[in-house]
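Inspection log for the structure reproduced underneath, given as structure tokens.
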Amino acid sequence: MDRTLRAGRLATFAYFALNGFLMGMWIVHIPAVEDRAGISHAVLGWLLLLLGAGAFVGMQIVGPLTDRLGARTVVPVSAALCAAAVVLPGLATNAWTLGAALLVLGLGNGCLDVSMNAHAVQVERGYRRPVMSAFHATFSIGGVLAALVGARTLSWGWSPAATLGAVAALGIVAAAVSAPALLRPEPGSVPPPESPRPSRRATPRRIWALAALALMLMLCEGVANDWSVLHLRDVLDAPAATAALAYGAFATAMTVGRLLTDRVAARYGPVAILRYGAAVAAAGLTVAALSPWTPLALIGWTVFGAGLSGCIPQLFSAAGHADPDAAGANVSRVAGLGYLGMLAGPAVIGPLTHFMPLNLTFFLPVAFCAVAACAAGILRATPQGAGKPARKCSSNV
């Protein structure tokens, strides 16, 4: 394997881990930032929408920009922006400044998310086998590391501004150090600076279909993030410490599953990963929703995470490989709608609890998983042979 390609893969791992670490450090410090800004939980909930809005705008801007300039140029700048922005919430002293800080942080996060996924597609194209899921697993590992580091600095009494400031400085250094190893644009994929800007092409229907599946599956992930702990505590009357294990089980299964998915995808193909992964996720969440016992519910959340783990990376990969000349723009469509789906999780489930018990609302994400399983065949098309798995799927997969 070419050394340049290996170095590019390692650099991509670094940026995914950095992104997970930066966002994890923000999450760990949410309570302290909330206290410093003097706002209520309700106000914080509204302000978090600005984080999502900034991310969505960043994704839509940086997608075409990545196609125009190349991921090698855009990824380090996006990473530096995201790193620099992470300190801003720690400096906020009221709702207005926190809202502005979250908007900028979301913008940086969205830019880094799309550009690093576009570069991951380029790496995967070079390897000619699935490698996308491992990158997403590294993002999760970065988040775990942030939880450990954040817990330690909080126990030492460090202020959010001091901790996040140090993280920002380290993040900028990491972005700069990793940049030289990023892959150069493929010949002909980036137009020369003097060439006229190409006319905007309509997004293919297949990309919008992939984006719709991403929205549904990331909404499922958002439901686990926001409601799994409450499910065990409020529906099954589990102690707080035990209820916290629901999200821990889901997140751990997601991380382990993504570390293993690439090998499975190389053998059986992305269609099988999405079809059977979504079906397993639906079964796991059904068990969790209907279980009268806490241990069985924990098993259900674990199976849900394991099934869901490999699905999103396959959608991102398919979007990036659909058209190498528009990989950034296509990934931005799928990632953007997917991100909206994750944000919609609490917004959709919350109102439904006024009409039915919380556990019964989980049958909406179960239905979404079933739709994804039925629509998995959309991944079968891989134009230009990019990113083909080592073995083709059998025709009955």
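Note on naming: chains are A, B, ... as they come in the structure tokens, residues start from 1 per chain, ligands start from 1 in the order shown.
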### Task
Return as a ChimeraX atom specification the full set of residues in segment 137-380 of chain A whose backbone-based DSSP assignment is alpha helix (DSSP H).
/A:137-155,160-178,205-230,240-268,270-290,294-308,311-322,327-352,358-361,363-374
### Query
Leaving out Ala212 of chain A and any residue of its chain fewer than 2 positions from it, which residues lie within 8 Å of it when counting only C-alpha atoms, given as a ChimeraX atom specification?
/A:208-210,214-216,334,337-338
Output for the residues just chosen: C-alpha atoms as a compact mmCIF listing (two decimals), in the first residue's frame:
```txt
# COMPACT_ATOMS: atom_id res chain seq x y z
CA TRP A 208 -31.81 13.08 -1.95
CA ALA A 209 -32.96 9.52 -1.27
CA LEU A 210 -29.72 8.83 0.61
CA ALA A 214 -29.76 9.63 6.73
CA LEU A 215 -32.41 11.90 8.25
CA MET A 216 -34.44 8.91 9.44
CA VAL A 334 -26.67 13.75 3.13
CA LEU A 337 -30.36 16.37 6.37
CA GLY A 338 -28.95 13.69 8.66
```
### Shortest interatomic distance to Ala37 of chain A - which of A:Gly248, A:Pro313, A:Gly341, A:Pro89, counting only C-alpha atoms
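Closest to Ala37 of chain A of all the choices is A:Pro89.
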### Nearby residues (only C-alpha atoms) at most 6 Å from Ala55 of chain A, same-chain spacing under 4 positions excluded, as a ChimeraX atom specification
/A:106-107,109-110
Could you save those same residues with C-alpha atoms as a PDB file, in the first residue's frame?
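And here's part17.pdb as it stands now:
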```pdb
ATOM      1  CA  GLY A 106     -21.893  24.967  14.837  1.00  0.00           C
ATOM      2  CA  LEU A 107     -20.549  26.576  11.669  1.00  0.00           C
ATOM      3  CA  ASN A 109     -18.374  21.798  13.243  1.00  0.00           C
ATOM      4  CA  GLY A 110     -20.453  21.609  10.056  1.00  0.00           C
TER       5      GLY A 110
END
```
Considering only C-alpha atoms, give me a table of residues in segment 252-345 of chain A that are at most 8 Å from segment 218-227 of chain A, with the closest atom pair and distance in Å for each, as a Markdown table.
```
| residue | atom | partner | partner_atom | distance |
| --- | --- | --- | --- | --- |
| A:Trp301 | CA | A:Ala224 | CA | 7.9 |
| A:Leu308 | CA | A:Glu221 | CA | 7.8 |
| A:Ile312 | CA | A:Met218 | CA | 7.6 |
| A:Gly338 | CA | A:Met218 | CA | 5.5 |
| A:Tyr339 | CA | A:Met218 | CA | 6.9 |
| A:Leu340 | CA | A:Leu219 | CA | 7.9 |
| A:Gly341 | CA | A:Leu219 | CA | 4.3 |
| A:Met342 | CA | A:Leu219 | CA | 4.3 |
| A:Leu343 | CA | A:Gly222 | CA | 6.7 |
| A:Ala344 | CA | A:Leu219 | CA | 6.2 |
| A:Gly345 | CA | A:Val223 | CA | 5.0 |
```
Kindly export the residues of the current selection with all heavy atoms, as a PDB file, in the first residue's frame.
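In the end it all went to part13.pdb:
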```
ATOM      1  N   TRP A 301     -31.207  -1.790  24.024  1.00  0.00           N
ATOM      2  CA  TRP A 301     -30.478  -0.581  23.612  1.00  0.00           C
ATOM      3  C   TRP A 301     -29.113  -0.937  23.041  1.00  0.00           C
ATOM      4  O   TRP A 301     -28.620  -0.281  22.109  1.00  0.00           O
ATOM      5  CB  TRP A 301     -30.325   0.372  24.799  1.00  0.00           C
ATOM      6  CG  TRP A 301     -31.576   1.117  25.138  1.00  0.00           C
ATOM      7  CD1 TRP A 301     -32.345   0.972  26.261  1.00  0.00           C
ATOM      8  CD2 TRP A 301     -32.222   2.125  24.346  1.00  0.00           C
ATOM      9  NE1 TRP A 301     -33.429   1.817  26.219  1.00  0.00           N
ATOM     10  CE2 TRP A 301     -33.372   2.537  25.054  1.00  0.00           C
ATOM     11  CE3 TRP A 301     -31.942   2.700  23.120  1.00  0.00           C
ATOM     12  CZ2 TRP A 301     -34.240   3.514  24.564  1.00  0.00           C
ATOM     13  CZ3 TRP A 301     -32.807   3.671  22.614  1.00  0.00           C
ATOM     14  CH2 TRP A 301     -33.938   4.071  23.336  1.00  0.00           C
ATOM     15  N   LEU A 308     -27.446  -0.157  14.351  1.00  0.00           N
ATOM     16  CA  LEU A 308     -27.422   1.169  13.734  1.00  0.00           C
ATOM     17  C   LEU A 308     -25.998   1.609  13.370  1.00  0.00           C
ATOM     18  O   LEU A 308     -25.814   2.478  12.511  1.00  0.00           O
ATOM     19  CB  LEU A 308     -28.034   2.177  14.707  1.00  0.00           C
ATOM     20  CG  LEU A 308     -28.709   3.438  14.164  1.00  0.00           C
ATOM     21  CD1 LEU A 308     -29.832   3.092  13.216  1.00  0.00           C
ATOM     22  CD2 LEU A 308     -29.243   4.284  15.326  1.00  0.00           C
ATOM     23  N   ILE A 312     -25.050   4.661   8.848  1.00  0.00           N
ATOM     24  CA  ILE A 312     -24.758   6.015   8.395  1.00  0.00           C
ATOM     25  C   ILE A 312     -23.467   6.096   7.585  1.00  0.00           C
ATOM     26  O   ILE A 312     -23.430   6.752   6.528  1.00  0.00           O
ATOM     27  CB  ILE A 312     -24.736   6.995   9.589  1.00  0.00           C
ATOM     28  CG1 ILE A 312     -26.138   7.178  10.154  1.00  0.00           C
ATOM     29  CG2 ILE A 312     -24.164   8.349   9.170  1.00  0.00           C
ATOM     30  CD1 ILE A 312     -27.135   7.780   9.186  1.00  0.00           C
ATOM     31  N   GLY A 338     -29.155  14.608   7.541  1.00  0.00           N
ATOM     32  CA  GLY A 338     -28.955  13.695   8.663  1.00  0.00           C
ATOM     33  C   GLY A 338     -28.821  14.436   9.977  1.00  0.00           C
ATOM     34  O   GLY A 338     -29.388  14.032  10.991  1.00  0.00           O
ATOM     35  N   TYR A 339     -28.087  15.527   9.960  1.00  0.00           N
ATOM     36  CA  TYR A 339     -27.898  16.321  11.168  1.00  0.00           C
ATOM     37  C   TYR A 339     -29.236  16.901  11.639  1.00  0.00           C
ATOM     38  O   TYR A 339     -29.526  16.936  12.838  1.00  0.00           O
ATOM     39  CB  TYR A 339     -26.897  17.435  10.901  1.00  0.00           C
ATOM     40  CG  TYR A 339     -26.300  18.047  12.144  1.00  0.00           C
ATOM     41  CD1 TYR A 339     -25.228  17.433  12.795  1.00  0.00           C
ATOM     42  CD2 TYR A 339     -26.797  19.225  12.679  1.00  0.00           C
ATOM     43  CE1 TYR A 339     -24.678  17.985  13.937  1.00  0.00           C
ATOM     44  CE2 TYR A 339     -26.254  19.785  13.826  1.00  0.00           C
ATOM     45  CZ  TYR A 339     -25.192  19.167  14.447  1.00  0.00           C
ATOM     46  OH  TYR A 339     -24.663  19.711  15.573  1.00  0.00           O
ATOM     47  N   LEU A 340     -30.057  17.348  10.692  1.00  0.00           N
ATOM     48  CA  LEU A 340     -31.389  17.841  11.058  1.00  0.00           C
ATOM     49  C   LEU A 340     -32.214  16.734  11.695  1.00  0.00           C
ATOM     50  O   LEU A 340     -32.983  16.972  12.626  1.00  0.00           O
ATOM     51  CB  LEU A 340     -32.100  18.387   9.822  1.00  0.00           C
ATOM     52  CG  LEU A 340     -31.582  19.707   9.250  1.00  0.00           C
ATOM     53  CD1 LEU A 340     -32.415  20.117   8.042  1.00  0.00           C
ATOM     54  CD2 LEU A 340     -31.617  20.813  10.298  1.00  0.00           C
ATOM     55  N   GLY A 341     -32.040  15.512  11.194  1.00  0.00           N
ATOM     56  CA  GLY A 341     -32.755  14.384  11.783  1.00  0.00           C
ATOM     57  C   GLY A 341     -32.349  14.142  13.222  1.00  0.00           C
ATOM     58  O   GLY A 341     -33.190  13.882  14.080  1.00  0.00           O
ATOM     59  N   MET A 342     -31.053  14.235  13.500  1.00  0.00           N
ATOM     60  CA  MET A 342     -30.585  14.036  14.871  1.00  0.00           C
ATOM     61  C   MET A 342     -31.157  15.100  15.801  1.00  0.00           C
ATOM     62  O   MET A 342     -31.549  14.810  16.934  1.00  0.00           O
ATOM     63  CB  MET A 342     -29.061  14.048  14.915  1.00  0.00           C
ATOM     64  CG  MET A 342     -28.496  13.752  16.297  1.00  0.00           C
ATOM     65  SD  MET A 342     -26.708  13.532  16.309  1.00  0.00           S
ATOM     66  CE  MET A 342     -26.577  11.940  15.494  1.00  0.00           C
ATOM     67  N   LEU A 343     -31.225  16.341  15.321  1.00  0.00           N
ATOM     68  CA  LEU A 343     -31.806  17.406  16.125  1.00  0.00           C
ATOM     69  C   LEU A 343     -33.307  17.229  16.304  1.00  0.00           C
ATOM     70  O   LEU A 343     -33.880  17.661  17.304  1.00  0.00           O
ATOM     71  CB  LEU A 343     -31.525  18.763  15.473  1.00  0.00           C
ATOM     72  CG  LEU A 343     -30.067  19.228  15.440  1.00  0.00           C
ATOM     73  CD1 LEU A 343     -29.952  20.534  14.667  1.00  0.00           C
ATOM     74  CD2 LEU A 343     -29.524  19.403  16.848  1.00  0.00           C
ATOM     75  N   ALA A 344     -33.944  16.590  15.313  1.00  0.00           N
ATOM     76  CA  ALA A 344     -35.403  16.432  15.365  1.00  0.00           C
ATOM     77  C   ALA A 344     -35.840  15.368  16.345  1.00  0.00           C
ATOM     78  O   ALA A 344     -37.023  15.299  16.705  1.00  0.00           O
ATOM     79  CB  ALA A 344     -35.933  16.089  13.968  1.00  0.00           C
ATOM     80  N   GLY A 345     -34.895  14.510  16.792  1.00  0.00           N
ATOM     81  CA  GLY A 345     -35.258  13.440  17.710  1.00  0.00           C
ATOM     82  C   GLY A 345     -36.041  13.914  18.921  1.00  0.00           C
ATOM     83  O   GLY A 345     -37.188  13.494  19.137  1.00  0.00           O
TER      84      GLY A 345
END
```
### Message
Let me make sure I understand: among A:Ala265, A:Val86, A:Ala147, A:Ala289, which one has the smallest atom-to-atom distance to Val366 of chain A if we use only C-alpha atoms?
### Response
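Smallest distance to Val366 of chain A is found for A:Ala289.
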### Message
If we count only C-alpha atoms and set the cut-off at 7 Å, which residues sit around segment 50-53 of chain A, ignoring sequence neighbours fewer than 5 positions away in its own chain? Please answer as JSON, numbers by chain.
### Response
{"A": [99, 102, 103, 105, 106]}
### Message
When you count only C-alpha atoms, which of these residues is closest to Leu298 of chain A: A:Leu47, A:Ala279, A:Cys311, A:Leu245?
### Response
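Going through A:Leu47, A:Ala279, A:Cys311, A:Leu245 one by one, the smallest distance to Leu298 of chain A is for A:Leu245.
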### Message
Residues near segment 236-241 of chain A, anyone? I mean within 10 Å using only C-alpha atoms, not counting same-chain ones fewer than 3 positions away, as a VMD selection string.
### Response
chain A and resid 229 to 233 244 to 246 291 to 294 297 359
### Task
Give me the residues within 10 Å of Ala329 of chain A as a list in words, counting only C-alpha atoms and dropping any in the same chain fewer than 3 places off.
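Listed by chain and then number, they are Met59, Gln60, Ile61, Val62, Gly63, Pro64, Leu65, Thr66, Asp67, Arg68, Val114, Ser115, Ala118, Thr203, Ile207, Ala319, Gly320, Asp323, Asp325, Ala326, Ser332, Arg333, Val334 and Ala335 of chain A.
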Residue subset to file, keeping N, CA and C atoms, as a PDB file, in the first residue's frame:
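What follows is the written file again_27.pdb:
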```pdb
ATOM      1  N   MET A  59     -22.275  23.125   6.564  1.00  0.00           N
ATOM      2  CA  MET A  59     -22.244  21.965   5.674  1.00  0.00           C
ATOM      3  C   MET A  59     -22.571  22.343   4.239  1.00  0.00           C
ATOM      4  N   GLN A  60     -23.573  23.205   4.074  1.00  0.00           N
ATOM      5  CA  GLN A  60     -23.980  23.571   2.720  1.00  0.00           C
ATOM      6  C   GLN A  60     -22.949  24.471   2.038  1.00  0.00           C
ATOM      7  N   ILE A  61     -22.234  25.267   2.822  1.00  0.00           N
ATOM      8  CA  ILE A  61     -21.209  26.149   2.248  1.00  0.00           C
ATOM      9  C   ILE A  61     -19.967  25.362   1.867  1.00  0.00           C
ATOM     10  N   VAL A  62     -19.527  24.499   2.763  1.00  0.00           N
ATOM     11  CA  VAL A  62     -18.220  23.875   2.577  1.00  0.00           C
ATOM     12  C   VAL A  62     -18.261  22.705   1.598  1.00  0.00           C
ATOM     13  N   GLY A  63     -19.435  22.132   1.346  1.00  0.00           N
ATOM     14  CA  GLY A  63     -19.513  21.022   0.396  1.00  0.00           C
ATOM     15  C   GLY A  63     -19.021  21.410  -0.991  1.00  0.00           C
ATOM     16  N   PRO A  64     -19.672  22.392  -1.634  1.00  0.00           N
ATOM     17  CA  PRO A  64     -19.175  22.841  -2.953  1.00  0.00           C
ATOM     18  C   PRO A  64     -17.762  23.421  -2.880  1.00  0.00           C
ATOM     19  N   LEU A  65     -17.418  24.055  -1.755  1.00  0.00           N
ATOM     20  CA  LEU A  65     -16.079  24.629  -1.610  1.00  0.00           C
ATOM     21  C   LEU A  65     -15.022  23.523  -1.610  1.00  0.00           C
ATOM     22  N   THR A  66     -15.332  22.397  -0.998  1.00  0.00           N
ATOM     23  CA  THR A  66     -14.401  21.269  -0.997  1.00  0.00           C
ATOM     24  C   THR A  66     -14.200  20.737  -2.404  1.00  0.00           C
ATOM     25  N   ASP A  67     -15.287  20.671  -3.182  1.00  0.00           N
ATOM     26  CA  ASP A  67     -15.164  20.229  -4.570  1.00  0.00           C
ATOM     27  C   ASP A  67     -14.327  21.203  -5.398  1.00  0.00           C
ATOM     28  N   ARG A  68     -14.428  22.479  -5.044  1.00  0.00           N
ATOM     29  CA  ARG A  68     -13.720  23.508  -5.805  1.00  0.00           C
ATOM     30  C   ARG A  68     -12.232  23.570  -5.441  1.00  0.00           C
ATOM     31  N   VAL A 114     -18.294  17.867   7.019  1.00  0.00           N
ATOM     32  CA  VAL A 114     -18.427  17.556   5.597  1.00  0.00           C
ATOM     33  C   VAL A 114     -17.059  17.400   4.929  1.00  0.00           C
ATOM     34  N   SER A 115     -16.144  18.311   5.203  1.00  0.00           N
ATOM     35  CA  SER A 115     -14.852  18.272   4.512  1.00  0.00           C
ATOM     36  C   SER A 115     -14.058  17.022   4.874  1.00  0.00           C
ATOM     37  N   ALA A 118     -15.596  14.089   3.120  1.00  0.00           N
ATOM     38  CA  ALA A 118     -15.227  14.098   1.704  1.00  0.00           C
ATOM     39  C   ALA A 118     -13.812  13.551   1.515  1.00  0.00           C
ATOM     40  N   THR A 203     -28.989  18.388  -7.884  1.00  0.00           N
ATOM     41  CA  THR A 203     -28.629  17.227  -7.073  1.00  0.00           C
ATOM     42  C   THR A 203     -29.431  16.019  -7.538  1.00  0.00           C
ATOM     43  N   ILE A 207     -29.185  11.013  -4.489  1.00  0.00           N
ATOM     44  CA  ILE A 207     -28.558  11.693  -3.357  1.00  0.00           C
ATOM     45  C   ILE A 207     -29.621  12.143  -2.364  1.00  0.00           C
ATOM     46  N   ALA A 319     -22.799   8.492  -1.035  1.00  0.00           N
ATOM     47  CA  ALA A 319     -22.958   9.852  -1.540  1.00  0.00           C
ATOM     48  C   ALA A 319     -21.648  10.379  -2.115  1.00  0.00           C
ATOM     49  N   GLY A 320     -20.543  10.113  -1.433  1.00  0.00           N
ATOM     50  CA  GLY A 320     -19.257  10.602  -1.900  1.00  0.00           C
ATOM     51  C   GLY A 320     -18.787   9.930  -3.169  1.00  0.00           C
ATOM     52  N   ASP A 323     -20.429  10.629  -7.402  1.00  0.00           N
ATOM     53  CA  ASP A 323     -19.840  11.511  -8.408  1.00  0.00           C
ATOM     54  C   ASP A 323     -18.588  12.138  -7.808  1.00  0.00           C
ATOM     55  N   ASP A 325     -16.562  14.253  -8.797  1.00  0.00           N
ATOM     56  CA  ASP A 325     -16.429  15.692  -9.023  1.00  0.00           C
ATOM     57  C   ASP A 325     -17.339  16.515  -8.124  1.00  0.00           C
ATOM     58  N   ALA A 326     -18.311  15.880  -7.503  1.00  0.00           N
ATOM     59  CA  ALA A 326     -19.239  16.606  -6.623  1.00  0.00           C
ATOM     60  C   ALA A 326     -19.353  15.890  -5.281  1.00  0.00           C
ATOM     61  N   SER A 332     -22.483  16.862   1.658  1.00  0.00           N
ATOM     62  CA  SER A 332     -23.105  17.936   2.437  1.00  0.00           C
ATOM     63  C   SER A 332     -24.620  17.791   2.463  1.00  0.00           C
ATOM     64  N   ARG A 333     -25.225  17.311   1.367  1.00  0.00           N
ATOM     65  CA  ARG A 333     -26.678  17.107   1.350  1.00  0.00           C
ATOM     66  C   ARG A 333     -27.062  15.996   2.335  1.00  0.00           C
ATOM     67  N   VAL A 334     -26.343  14.884   2.264  1.00  0.00           N
ATOM     68  CA  VAL A 334     -26.673  13.748   3.128  1.00  0.00           C
ATOM     69  C   VAL A 334     -26.384  14.081   4.586  1.00  0.00           C
ATOM     70  N   ALA A 335     -25.221  14.678   4.851  1.00  0.00           N
ATOM     71  CA  ALA A 335     -24.870  15.024   6.230  1.00  0.00           C
ATOM     72  C   ALA A 335     -25.794  16.100   6.784  1.00  0.00           C
TER      73      ALA A 335
END
```
